[in-house]
Every structure is written in C-alpha cells, then in structure tokens.
Amino acid sequence: MMKSKKGLILACAAMLAANALARLGGPGFPQNSVALHLLNPTFLTPNRVAFFPLAAVCFSGVVATAWEVRASPPGGRSARRRACLALAFLLNSLWLMASAHEHHSTALVLVSGQALALLRAYLDLDIRRGSVKSTPLFVRAAFGVSMAWACIAVCIAVLVMSANLDQFLSEGEERPQQALRSTGGQEETAVKAVWVLTALGSIAVVARYDWPFAATIAVVLEGVHHAQAARGADSAAAAARKGAAISFLGVALAAHWAIRHTKARKKTFSRSRPSDVEEDFDDHDPRGRDRSGSFVEQ
C-alpha cells in the first residue's frame, strides 16, 4: 500500500493534519506544541524564532510527495524510497500524538524510526556529481530539511526522556510521563549533541553538497545559543554558537562547490557536441559503407 502513489498521498495528508492539530491543540492533542515546548525545556531547546523552519518541514513533505507522485520510477529503488517516505510521514503523525500525551519513551522510539526511514529515503536519492540525471535541487532540499529536523528532534527527545526518567527514579510515586520540573537533561550531554549535529551537517556538506541540511542545523543551533544564553547555560550556549558558525560556513562552501560543479558540467556537455557524433553514425552503417553503397576506409 505504502509503495503506491495513493498510499504516499494519504500518509502525507495524515502528516499535515497531525501537524495542524498539534499546533492548534485539536482532537487527540490535549496540549499544543507551544505548551509542550514550555513544559519540557532542555539544554538543546532553541528559542521560538528558530522553530520557523518547522513549517518548512511540512512544505518539504508536500514537495517530496508531489515529486514522487509525478516521477515515473524505473525500478525498485524508487518504490523503496516512496515506502520509506510514507512510513516517515506516518511515524511523524504518531510521534506528535505521543508527545502531546507526554509519552516520552514512545515518542523517542517513534521519532527515531522516523529519522531512520528518512535516512533510507535520503540515501536512495540519485545525487551524482556531474550527472544531468541526478535528483532536482528542490527535491534534495526538501529531503535535506526534513532529515535535519528529524536528527534535531531525536536529540531533544533523548534529553527529555533521560531527564524524565531521572525525575521518575528520584520520585518513585510519580509516573514517568510528566512535565519536567527543571531544564531537561545534563548540559554536558547537550553540548555533545550540539557537536553531533554539527558533525552531521559537515558530513552532508562534504558528501552531498547538502547546504539545506547544514542551513537547518545552523538556524536551530543559533536559536539554541540565544535560548541557553538567556537561561544562563553558558557551556551549551557557547557550543551552540560555535556549531552554528561552522554550519553556516558549511552552507557557504556547499553552495560554492555546487555552483562550480554545475558550471563544469555545462562546459563538459557543451564541448561534447553530440550532434556531430549522430551525423557520423547516420553517414555510415555498421558494415563500413556510406549511404552511396561504397566501402569506406577503416
């Protein structure tokens, strides 16, 4: 079902509906995403301004779905990418619902599954340097933004889950799913998560010139810097500022390399002059005769 176009469209529609209900606190979502953001702060939580790329994630899902539906897949790799994308949409919907009910352990499992499904689809994209048949840039950007946000969400979910578990163990009478009474996680763990996200952005830049992935990481880390500086978490704020600077540098380098390879590719194909080759094959048949019937020296 999920390998079909209809299955992908339905999964995308479910994801959009879940995100809208999560924002508004609609049926099935007792708390909206803003309230959850305030109830479960962590040393990796950015300020509200940094959450504007979250709207881009929904738009990216629509872009990726539209491209997959219109494309004519030649084989199994495209079908697998389509199934993984649909699975990621469904897991995103379930993750939002689990987070709204503050089932942090379930939310961590769901968002981790979403990240793995997106990673499989991301790796199946045809991104070959210098190839004219590679995946269009806007589609790669859609997958890159979604993949970056999934990585960020996993790191934040780990901090929330660890802090909630510590709170439960210290207060045995309380249930393990509840709002945090203090900033979630340890600051040292958040610093490590910042460097993990920075490293992932650097790998995406070097391996695939994926500047949207690095840009998303940079914007969020800049938001983390401002939020943690206001909270007084100097170590997390300093690490986030450095990570954001490195990621912004990666964005510039990826854009520069992408432009250089695009220009080099155009020059290569313009010099090949395929029309001359076609004329040569039109004038001679495989047996070594020209159109007049006489033999040509080989």
# chains A, B, ... in the order shown; residues from 1 in each chain; ligands from 1
>>> residues_around(residues="Val145 of chain A", least_positions_apart="5", cutoff="8 Å", atoms="only C-alpha atoms", output="number ranges by chain")
A: 56-57, 60, 212-213, 216
>>> write_last_selection(atoms="C-alpha atoms", output="PDB file, in the first residue's frame")
ATOM      1  CA  ALA A  56       9.315  24.270   6.037  1.00  0.00           C
ATOM      2  CA  VAL A  57       9.328  20.603   7.071  1.00  0.00           C
ATOM      3  CA  SER A  60       9.169  19.860   2.214  1.00  0.00           C
ATOM      4  CA  PRO A 212      19.777  22.880   3.117  1.00  0.00           C
ATOM      5  CA  PHE A 213      20.671  20.251   5.726  1.00  0.00           C
ATOM      6  CA  THR A 216      18.660  23.946   9.035  1.00  0.00           C
TER       7      THR A 216
END
>>> residues_around(residues="Ser202 of chain A", least_positions_apart="3", cutoff="9 Å", atoms="only C-alpha atoms", output="list in words")
Leu197, Thr198, Ala199, Val205, Val206, Ala207, Ala214, Ile246, Ser247 and Gly250 of chain A
>>> write_last_selection(atoms="C-alpha atoms", output="CSV table (one decimal), in the first residue's frame")
chain,number,residue,atom,x,y,z
A,197,LEU,CA,24.5,17.7,14.9
A,198,THR,CA,27.4,19.9,13.7
A,199,ALA,CA,29.3,16.8,12.5
A,205,VAL,CA,28.1,19.2,3.1
A,206,VAL,CA,31.2,17.2,2.1
A,207,ALA,CA,29.4,14.1,0.9
A,214,ALA,CA,23.5,22.4,7.1
A,246,ILE,CA,30.7,26.0,11.5
A,247,SER,CA,27.4,25.1,9.9
A,250,GLY,CA,29.5,24.7,5.5
>>> residues_around(residues="Gly28 of chain A", least_positions_apart="4", cutoff="9 Å", atoms="only C-alpha atoms", output="list in words")
Leu21, Ala22, Met97, Ala100 and His101 of chain A
>>> write_last_selection(atoms="C-alpha atoms", output="mmCIF file, in the first residue's frame")
data_model
loop_
_atom_site.group_PDB
_atom_site.id
_atom_site.type_symbol
_atom_site.label_atom_id
_atom_site.label_comp_id
_atom_site.auth_asym_id
_atom_site.auth_seq_id
_atom_site.Cartn_x
_atom_site.Cartn_y
_atom_site.Cartn_z
ATOM 1 C CA LEU A 21 -3.881 19.668 15.102
ATOM 2 C CA ALA A 22 -0.676 19.682 17.153
ATOM 3 C CA MET A 97 0.350 12.465 19.221
ATOM 4 C CA ALA A 100 1.072 15.665 23.113
ATOM 5 C CA HIS A 101 0.151 12.980 25.663
#
>>> residues_around(residues="segment 105-114 of chain A", least_positions_apart="5", cutoff="12 Å", atoms="only C-alpha atoms", output="number ranges by chain")
A: 15, 84-100, 119-122, 146-165, 176-178
>>> closest_residue(among="A:Leu44, A:Ala83, A:Ala204, A:Ala14", to="Gln186 of chain A", atoms="only C-alpha atoms")
A:Leu44
>>> atom_distance(atom1="atom CA of Ser33 of chain A", atom2="atom CA of Phe138 of chain A")
27.8 Å
>>> closest_residue(among="A:Ala13, A:Ala258, A:Val63, A:Ala240", to="Ala193 of chain A", atoms="only C-alpha atoms")
A:Ala240
